[in-house]
$ cat my_file_11.tsv   # TSV, C-alpha atoms and all ligand atoms
chain	number	residue	atom	x	y	z
A	18	MET	CA	-30.49	-27.37	-47.91
A	19	ALA	CA	-30.84	-25.58	-44.61
A	20	THR	CA	-31.81	-28.75	-42.75
A	21	GLN	CA	-28.98	-30.62	-44.38
A	22	ARG	CA	-26.60	-28.04	-43.09
A	23	LYS	CA	-28.09	-28.29	-39.62
A	24	HIS	CA	-27.47	-32.04	-39.54
A	25	PHE	CA	-23.99	-31.48	-40.78
A	26	VAL	CA	-23.20	-29.01	-38.02
A	27	LYS	CA	-24.77	-31.32	-35.43
A	28	GLU	CA	-22.27	-34.04	-36.25
A	29	PHE	CA	-19.47	-31.64	-35.50
A	30	ASN	CA	-20.98	-30.44	-32.25
A	31	PRO	CA	-18.79	-32.53	-29.92
A	32	TYR	CA	-15.71	-30.94	-31.45
A	33	ILE	CA	-16.89	-27.37	-31.50
A	34	THR	CA	-18.69	-27.04	-28.17
A	35	CYS	CA	-17.22	-26.25	-24.78
A	36	TYR	CA	-17.26	-28.88	-22.03
A	37	ILE	CA	-17.66	-26.20	-19.37
A	38	CYS	CA	-20.42	-23.94	-20.72
A	39	LYS	CA	-21.88	-26.34	-23.36
A	40	GLY	CA	-22.03	-23.52	-25.91
A	41	TYR	CA	-20.03	-23.15	-29.09
A	42	LEU	CA	-16.34	-22.63	-28.35
A	43	ILE	CA	-15.67	-18.91	-28.08
A	44	LYS	CA	-11.99	-18.14	-28.61
A	45	PRO	CA	-11.16	-21.87	-28.50
A	46	THR	CA	-8.21	-22.37	-26.21
A	47	THR	CA	-6.30	-25.62	-25.90
A	48	VAL	CA	-4.56	-27.01	-22.83
A	49	THR	CA	-1.23	-28.08	-24.33
A	50	GLU	CA	-0.74	-30.81	-21.72
A	51	CYS	CA	-3.79	-32.90	-22.69
A	52	LEU	CA	-5.02	-31.09	-25.83
A	53	HIS	CA	-8.50	-30.49	-24.44
A	54	THR	CA	-10.11	-27.32	-25.76
A	55	PHE	CA	-12.46	-24.89	-24.01
A	56	CYS	CA	-13.69	-21.33	-24.45
A	57	LYS	CA	-10.91	-19.01	-23.44
A	58	SER	CA	-12.92	-17.26	-20.73
A	59	CYS	CA	-14.26	-20.59	-19.38
A	60	ILE	CA	-10.84	-22.17	-18.94
A	61	VAL	CA	-9.14	-19.02	-17.63
A	62	GLN	CA	-11.86	-18.70	-15.00
A	63	HIS	CA	-11.53	-22.40	-14.13
A	64	PHE	CA	-7.78	-22.05	-13.59
A	65	GLU	CA	-8.36	-19.33	-11.03
A	66	GLU	CA	-9.68	-22.06	-8.74
A	67	SER	CA	-7.85	-25.17	-9.91
A	68	ASN	CA	-4.71	-26.40	-11.63
A	69	ASP	CA	-6.42	-29.42	-13.19
A	70	CYS	CA	-8.03	-29.85	-16.61
A	71	PRO	CA	-11.84	-29.77	-16.15
A	72	LYS	CA	-12.33	-32.57	-18.68
A	73	CYS	CA	-9.70	-35.20	-17.89
A	74	GLY	CA	-8.76	-34.09	-14.37
A	75	ASN	CA	-5.02	-34.19	-15.07
A	76	GLN	CA	-2.88	-31.59	-13.39
A	77	VAL	CA	-1.93	-29.07	-16.06
A	78	HIS	CA	0.80	-27.19	-14.20
A	79	GLU	CA	1.89	-27.13	-10.57
A	80	THR	CA	1.58	-23.39	-10.09
A	81	ASN	CA	0.52	-21.58	-13.24
A	82	PRO	CA	-1.73	-23.55	-15.60
A	83	LEU	CA	-2.36	-20.39	-17.67
A	84	GLU	CA	1.10	-20.90	-19.11
A	85	MET	CA	-0.12	-24.06	-20.82
A	86	LEU	CA	-2.92	-22.42	-22.82
A	87	ARG	CA	-2.79	-21.75	-26.55
A	88	LEU	CA	-5.46	-20.08	-28.62
A	89	ASP	CA	-6.56	-22.25	-31.56
A	90	ASN	CA	-7.12	-19.78	-34.40
A	91	THR	CA	-7.69	-22.52	-36.98
A	92	LEU	CA	-10.46	-24.11	-34.96
A	93	GLU	CA	-11.98	-20.67	-34.42
A	94	GLU	CA	-12.11	-20.07	-38.18
A	95	ILE	CA	-13.69	-23.50	-38.74
A	96	ILE	CA	-16.37	-22.80	-36.14
A	97	PHE	CA	-17.09	-19.40	-37.68
A	98	LYS	CA	-17.53	-21.14	-41.05
A	99	LEU	CA	-19.75	-23.88	-39.65
A	100	VAL	CA	-21.95	-21.69	-37.52
A	101	PRO	CA	-23.39	-18.75	-39.43
A	102	ARG	CA	-23.60	-15.41	-37.66
A	103	LEU	CA	-21.52	-16.61	-34.69
A	104	ARG	CA	-18.73	-14.16	-35.50
A	105	GLU	CA	-21.15	-11.22	-35.65
A	106	GLU	CA	-22.79	-12.33	-32.42
A	107	GLU	CA	-19.47	-12.61	-30.71
A	108	GLN	CA	-18.44	-9.14	-31.82
A	109	ARG	CA	-21.74	-7.78	-30.55
A	110	ARG	CA	-21.25	-9.53	-27.21
A	111	GLU	CA	-17.75	-8.15	-26.95
A	112	SER	CA	-18.84	-4.57	-27.52
A	113	GLU	CA	-21.65	-5.03	-24.99
A	114	PHE	CA	-19.13	-6.41	-22.54
A	115	TRP	CA	-17.09	-3.24	-22.84
A	116	LYS	CA	-20.18	-1.11	-22.41
A	117	ARG	CA	-20.92	-2.92	-19.15
A	118	ASN	CA	-17.34	-3.02	-17.91
A	119	LYS	CA	-16.16	0.47	-18.66
A	120	PRO	CA	-12.43	0.33	-18.14
A	121	GLN	CA	-10.85	2.71	-15.68
A	122	GLU	CA	-8.48	5.06	-17.47
A	123	ILE	CA	-5.10	5.40	-15.88
A	124	GLY	CA	-2.66	8.24	-16.39
A	125	ALA	CA	1.03	8.23	-17.16
A	126	ASP	CA	1.82	8.64	-13.46
A	127	GLY	CA	-0.38	5.73	-12.43
A	128	SER	CA	-3.20	7.88	-11.13
A	129	PRO	CA	-6.75	6.87	-11.93
A	130	LYS	CA	-8.30	9.34	-14.37
A	131	ALA	CA	-11.65	10.96	-13.84
A	132	LYS	CA	-14.30	9.79	-16.28
A	133	LYS	CA	-15.81	13.05	-17.44
A	134	ALA	CA	-14.60	16.37	-16.16
A	135	ARG	CA	-10.86	16.73	-16.42
A	136	THR	CA	-9.38	19.32	-14.14
A	137	ASP	CA	-6.60	21.71	-15.04
A	138	GLU	CA	-4.36	19.60	-12.90
A	139	ASP	CA	-4.61	16.85	-15.45
A	140	TYR	CA	-3.17	19.15	-18.04
A	141	GLU	CA	-0.54	20.73	-15.85
A	142	ASN	CA	2.17	18.61	-17.32
A	143	GLU	CA	2.23	18.98	-21.10
A	144	ASP	CA	4.25	15.82	-21.66
A	145	ASP	CA	1.86	13.95	-19.49
A	146	LYS	CA	-1.08	15.19	-21.53
A	147	ASP	CA	0.45	14.16	-24.80
A	148	TYR	CA	1.55	10.92	-23.30
A	149	HIS	CA	-1.82	9.29	-23.19
A	150	ARG	CA	-4.04	11.40	-25.40
A	151	SER	CA	-2.38	10.70	-28.72
A	152	ASP	CA	-0.92	7.27	-27.97
A	153	PRO	CA	-2.66	4.08	-28.97
A	154	GLN	CA	-4.62	2.74	-26.03
A	155	ILE	CA	-4.71	-0.77	-24.69
A	156	ALA	CA	-7.30	-2.49	-22.53
A	157	ILE	CA	-5.92	-4.66	-19.77
A	158	CYS	CA	-7.50	-7.03	-17.28
A	159	LEU	CA	-5.75	-6.97	-13.89
A	160	ASP	CA	-6.10	-10.25	-12.03
A	161	CYS	CA	-5.03	-10.84	-8.46
A	162	LEU	CA	-3.00	-14.02	-8.01
A	163	ARG	CA	-4.28	-15.91	-5.02
A	164	ASN	CA	-3.95	-19.35	-3.40
A	165	ASN	CA	-0.21	-19.14	-3.72
A	166	GLY	CA	0.63	-19.17	-0.04
A	167	GLN	CA	2.37	-15.83	-0.36
A	168	SER	CA	2.55	-13.54	2.61
A	169	GLY	CA	0.42	-10.84	1.01
A	170	ASP	CA	-2.66	-12.99	0.70
A	171	ASN	CA	-4.74	-11.34	3.38
A	172	VAL	CA	-3.90	-7.81	2.44
A	173	VAL	CA	-5.22	-7.72	-1.06
A	174	LYS	CA	-8.77	-8.60	-1.82
A	175	GLY	CA	-8.60	-7.92	-5.51
A	176	LEU	CA	-9.45	-4.87	-7.50
A	177	MET	CA	-12.95	-3.49	-7.52
A	178	LYS	CA	-12.63	-2.91	-11.24
A	179	LYS	CA	-10.45	-5.35	-13.11
A	180	PHE	CA	-10.45	-3.57	-16.43
A	181	ILE	CA	-8.27	-0.62	-17.18
A	182	ARG	CA	-7.40	1.34	-20.28
A	183	CYS	CA	-4.11	3.12	-20.71
A	184	SER	CA	-1.49	4.17	-23.21
A	185	THR	CA	0.55	1.36	-24.73
A	186	ARG	CA	3.60	3.29	-23.50
A	187	VAL	CA	2.63	2.96	-19.85
A	188	THR	CA	5.21	0.89	-17.96
A	189	VAL	CA	4.87	-1.89	-15.41
A	190	GLY	CA	6.16	0.57	-12.81
A	191	THR	CA	3.16	2.80	-13.53
A	192	ILE	CA	0.75	-0.13	-13.27
A	193	LYS	CA	2.32	-0.94	-9.89
A	194	LYS	CA	1.77	2.64	-8.71
A	195	PHE	CA	-1.83	2.50	-9.87
A	196	LEU	CA	-2.40	-0.81	-8.08
A	197	SER	CA	-0.78	0.41	-4.85
A	198	LEU	CA	-3.04	3.46	-4.92
A	199	LYS	CA	-6.18	1.49	-5.67
A	200	LEU	CA	-5.48	-1.32	-3.24
A	201	LYS	CA	-4.24	1.07	-0.53
A	202	LEU	CA	-1.30	-1.25	-0.14
A	203	PRO	CA	0.80	-0.73	3.01
A	204	SER	CA	4.28	0.58	2.15
A	205	THR	CA	5.84	-2.61	3.50
A	206	TYR	CA	4.40	-4.44	0.54
A	207	GLU	CA	5.82	-4.79	-2.93
A	208	LEU	CA	3.89	-5.92	-5.98
A	209	ASP	CA	4.97	-8.34	-8.66
A	210	VAL	CA	3.27	-7.91	-12.01
A	211	LEU	CA	3.17	-11.02	-14.17
A	212	CYS	CA	2.16	-11.97	-17.68
A	213	ASN	CA	1.60	-15.67	-18.36
A	214	GLY	CA	3.28	-16.45	-15.05
A	215	GLU	CA	6.45	-14.49	-15.77
A	216	ILE	CA	7.41	-11.51	-13.62
A	217	MET	CA	7.67	-8.34	-15.71
A	218	GLY	CA	10.40	-5.75	-15.18
A	219	LYS	CA	9.22	-2.31	-14.11
A	220	ASP	CA	10.50	-0.58	-17.26
A	221	HIS	CA	8.62	-2.84	-19.66
A	222	THR	CA	5.89	-0.99	-21.54
A	223	MET	CA	2.44	-2.43	-22.16
A	224	GLU	CA	3.20	-2.49	-25.88
A	225	PHE	CA	6.38	-4.49	-25.31
A	226	ILE	CA	4.61	-7.03	-23.12
A	227	TYR	CA	1.73	-7.31	-25.58
A	228	MET	CA	4.09	-7.91	-28.51
A	229	THR	CA	6.56	-10.21	-26.79
A	230	ARG	CA	4.60	-12.03	-24.12
A	231	TRP	CA	0.93	-11.94	-24.98
A	232	ARG	CA	0.62	-11.96	-28.75
A	233	LEU	CA	3.40	-14.46	-29.35
A	234	ARG	CA	1.27	-17.02	-27.62
A	235	SER	CA	-1.14	-16.45	-30.51
A	236	GLU	CA	-3.34	-14.54	-28.15
A	237	THR	CA	-5.21	-12.24	-30.44
A	238	SER	CA	-8.04	-11.62	-28.08
A	239	TYR	CA	-8.73	-8.59	-26.01
A	240	PRO	CA	-7.93	-7.70	-23.31
A	241	MET	CA	-4.41	-8.63	-22.32
A	242	VAL	CA	-4.35	-10.16	-18.82
A	243	LEU	CA	-1.76	-9.08	-16.29
A	244	GLN	CA	-1.61	-10.67	-12.88
A	245	TYR	CA	-0.35	-9.06	-9.70
A	246	ARG	CA	0.93	-10.56	-6.51
A	247	PRO	CA	1.68	-8.64	-3.33
A	248	ARG	CA	4.62	-9.60	-1.16
A	249	ILE	CA	6.31	-8.15	1.88
A	250	ASP	CA	9.28	-6.00	0.92
A	251	PHE	CA	12.21	-6.85	3.18
A	252	GLY	CA	14.57	-4.55	1.31
A	301	ZN	ZN	-17.18	-22.38	-22.61
A	302	ZN	ZN	-7.66	-32.44	-20.30
$ encode --input "my_file_11.tsv" --output "structure tokens" --more "lines below"
Ligand SMILES: [Zn+2]
Ligand SMILES: [Zn+2]
Amino acid sequence: MATQRKHFVKEFNPYITCYICKGYLIKPTTVTECLHTFCKSCIVQHFEESNDCPKCGNQVHETNPLEMLRLDNTLEEIIFKLVPRLREEEQRRESEFWKRNKPQEIGADGSPKAKKARTDEDYENEDDKDYHRSDPQIAICLDCLRNNGQSGDNVVKGLMKKFIRCSTRVTVGTIKKFLSLKLKLPSTYELDVLCNGEIMGKDHTMEFIYMTRWRLRSETSYPMVLQYRPRIDFG
């Protein structure tokens, strides 16, 4: 019975493995232009360097190929059913990932929070304290947009730590403050913060963006990715 099952799964292998990493598709994500499917992390990483599909070579989008990605939940369920223990393994990998990449906590004012000892200063503002202690938290990956010919290219080299954790009520304006602090951005520069290629207004909260921009694209996976792009502020 077990060998029979093995043969069965083998026949499906071309449809459930990733062209880039050759492993089983993890968070299978389809390029809507050509319908080729890859692991989410494989294809997102690929699009940081290229706008073309790795399999067929077709250009996916002129500027922001990430916009053309859709998570395939049905395929994911099929793979989980075909490959025993894959779901458990993936969950284990995910929790190990977070152990390795401890997200930086950021406060309601955009300041990076200390890991262990919190000073009285942190608690000076009561509202501020409540703001992120009792709120649901969200993990976010901050990616620097490069190769776009923008004037800020040379200034920003990307964050040292891409992963942050903050309250879902934190706004884009706060994320911008945090980024300016961390990147030591000259005051002549402004930052755009984008989700799926769309510039986000500074009053949008992380919860709003997650619900309206990230999850609607059937992105159920963690963490939400926000991109940032520096530009010279002429205003
Ligand atoms: Zn892959
Ligand atoms: Zn393709």
$ residues_near_ligand --input "my_file_11.tsv" --ligand "ligand ZN 302 (chain A)" --cutoff "6 Å" --atoms "all atoms listed in the file" --output "ChimeraX atom specification"
/A:51,53,70,72-73
$ write_last_selection --input "my_file_11.tsv" --atoms "C-alpha atoms" --output "PDB file, keeping the file's coordinate frame"
ATOM      1  CA  CYS A  51      -3.790 -32.900 -22.690  1.00  0.00           C
ATOM      2  CA  HIS A  53      -8.500 -30.490 -24.440  1.00  0.00           C
ATOM      3  CA  CYS A  70      -8.030 -29.850 -16.610  1.00  0.00           C
ATOM      4  CA  LYS A  72     -12.330 -32.570 -18.680  1.00  0.00           C
ATOM      5  CA  CYS A  73      -9.700 -35.200 -17.890  1.00  0.00           C
TER       6      CYS A  73
END
$ atom_distance --input "my_file_11.tsv" --atom1 "atom CA of Tyr36 of chain A" --atom2 "atom CA of Glu105 of chain A"
22.6 Å
$ closest_residue --input "my_file_11.tsv" --among "A:Cys59, A:Cys212, A:Met85, A:Val242" --to "Thr34 of chain A" --atoms "all atoms listed in the file"
A:Cys59
$ atom_distance --input "my_file_11.tsv" --atom1 "atom CA of Ser128 of chain A" --atom2 "atom CA of Lys201 of chain A"
12.6 Å
$ closest_atom_pairs --input "my_file_11.tsv" --of "chain A" --to "ligand ZN 301 (chain A)" --cutoff "6 Å" --atoms "all atoms listed in the file" --output "tab-separated table"
residue	atom	partner	partner_atom	distance
A:Cys35	CA	A:ZN301	ZN	4.4
A:Ile37	CA	A:ZN301	ZN	5.0
A:Cys38	CA	A:ZN301	ZN	4.1
A:Gly40	CA	A:ZN301	ZN	6.0
A:Leu42	CA	A:ZN301	ZN	5.8
A:Phe55	CA	A:ZN301	ZN	5.5
A:Cys56	CA	A:ZN301	ZN	4.1
A:Cys59	CA	A:ZN301	ZN	4.7
$ residues_around --input "my_file_11.tsv" --residues "Trp115 of chain A" --least-positions-apart "5" --cutoff "12 Å" --atoms "only C-alpha atoms" --output "ChimeraX atom specification"
/A:108-110,120-121,156-158,179-182,239-240
$ write_last_selection --input "my_file_11.tsv" --atoms "C-alpha atoms" --output "PDB file, in the coordinates of the input"
ATOM      1  CA  GLN A 108     -18.440  -9.140 -31.820  1.00  0.00           C
ATOM      2  CA  ARG A 109     -21.740  -7.780 -30.550  1.00  0.00           C
ATOM      3  CA  ARG A 110     -21.250  -9.530 -27.210  1.00  0.00           C
ATOM      4  CA  PRO A 120     -12.430   0.330 -18.140  1.00  0.00           C
ATOM      5  CA  GLN A 121     -10.850   2.710 -15.680  1.00  0.00           C
ATOM      6  CA  ALA A 156      -7.300  -2.490 -22.530  1.00  0.00           C
ATOM      7  CA  ILE A 157      -5.920  -4.660 -19.770  1.00  0.00           C
ATOM      8  CA  CYS A 158      -7.500  -7.030 -17.280  1.00  0.00           C
ATOM      9  CA  LYS A 179     -10.450  -5.350 -13.110  1.00  0.00           C
ATOM     10  CA  PHE A 180     -10.450  -3.570 -16.430  1.00  0.00           C
ATOM     11  CA  ILE A 181      -8.270  -0.620 -17.180  1.00  0.00           C
ATOM     12  CA  ARG A 182      -7.400   1.340 -20.280  1.00  0.00           C
ATOM     13  CA  TYR A 239      -8.730  -8.590 -26.010  1.00  0.00           C
ATOM     14  CA  PRO A 240      -7.930  -7.700 -23.310  1.00  0.00           C
TER      15      PRO A 240
END
$ residues_around --input "my_file_11.tsv" --residues "Val48 of chain A" --least-positions-apart "4" --cutoff "12 Å" --atoms "all atoms listed in the file" --output "number ranges by chain"
A: 52-57, 60-61, 64, 68-78, 82-89
$ atom_distance --input "my_file_11.tsv" --atom1 "atom CA of Ser67 of chain A" --atom2 "atom CA of Ile96 of chain A"
27.7 Å
$ residues_around --input "my_file_11.tsv" --residues "Met217 of chain A" --least-positions-apart "4" --cutoff "10 Å" --atoms "all atoms listed in the file" --output "list in words"
Thr188, Val189, Gly190, Asp209, Val210, Leu211, Cys212, Asn213, His221, Thr222, Ile226, Arg230, Leu243 and Gln244 of chain A
$ closest_residue --input "my_file_11.tsv" --among "A:Leu198, A:Val26, A:Met241, A:Leu159" --to "Glu224 of chain A" --atoms "all atoms listed in the file"
A:Met241
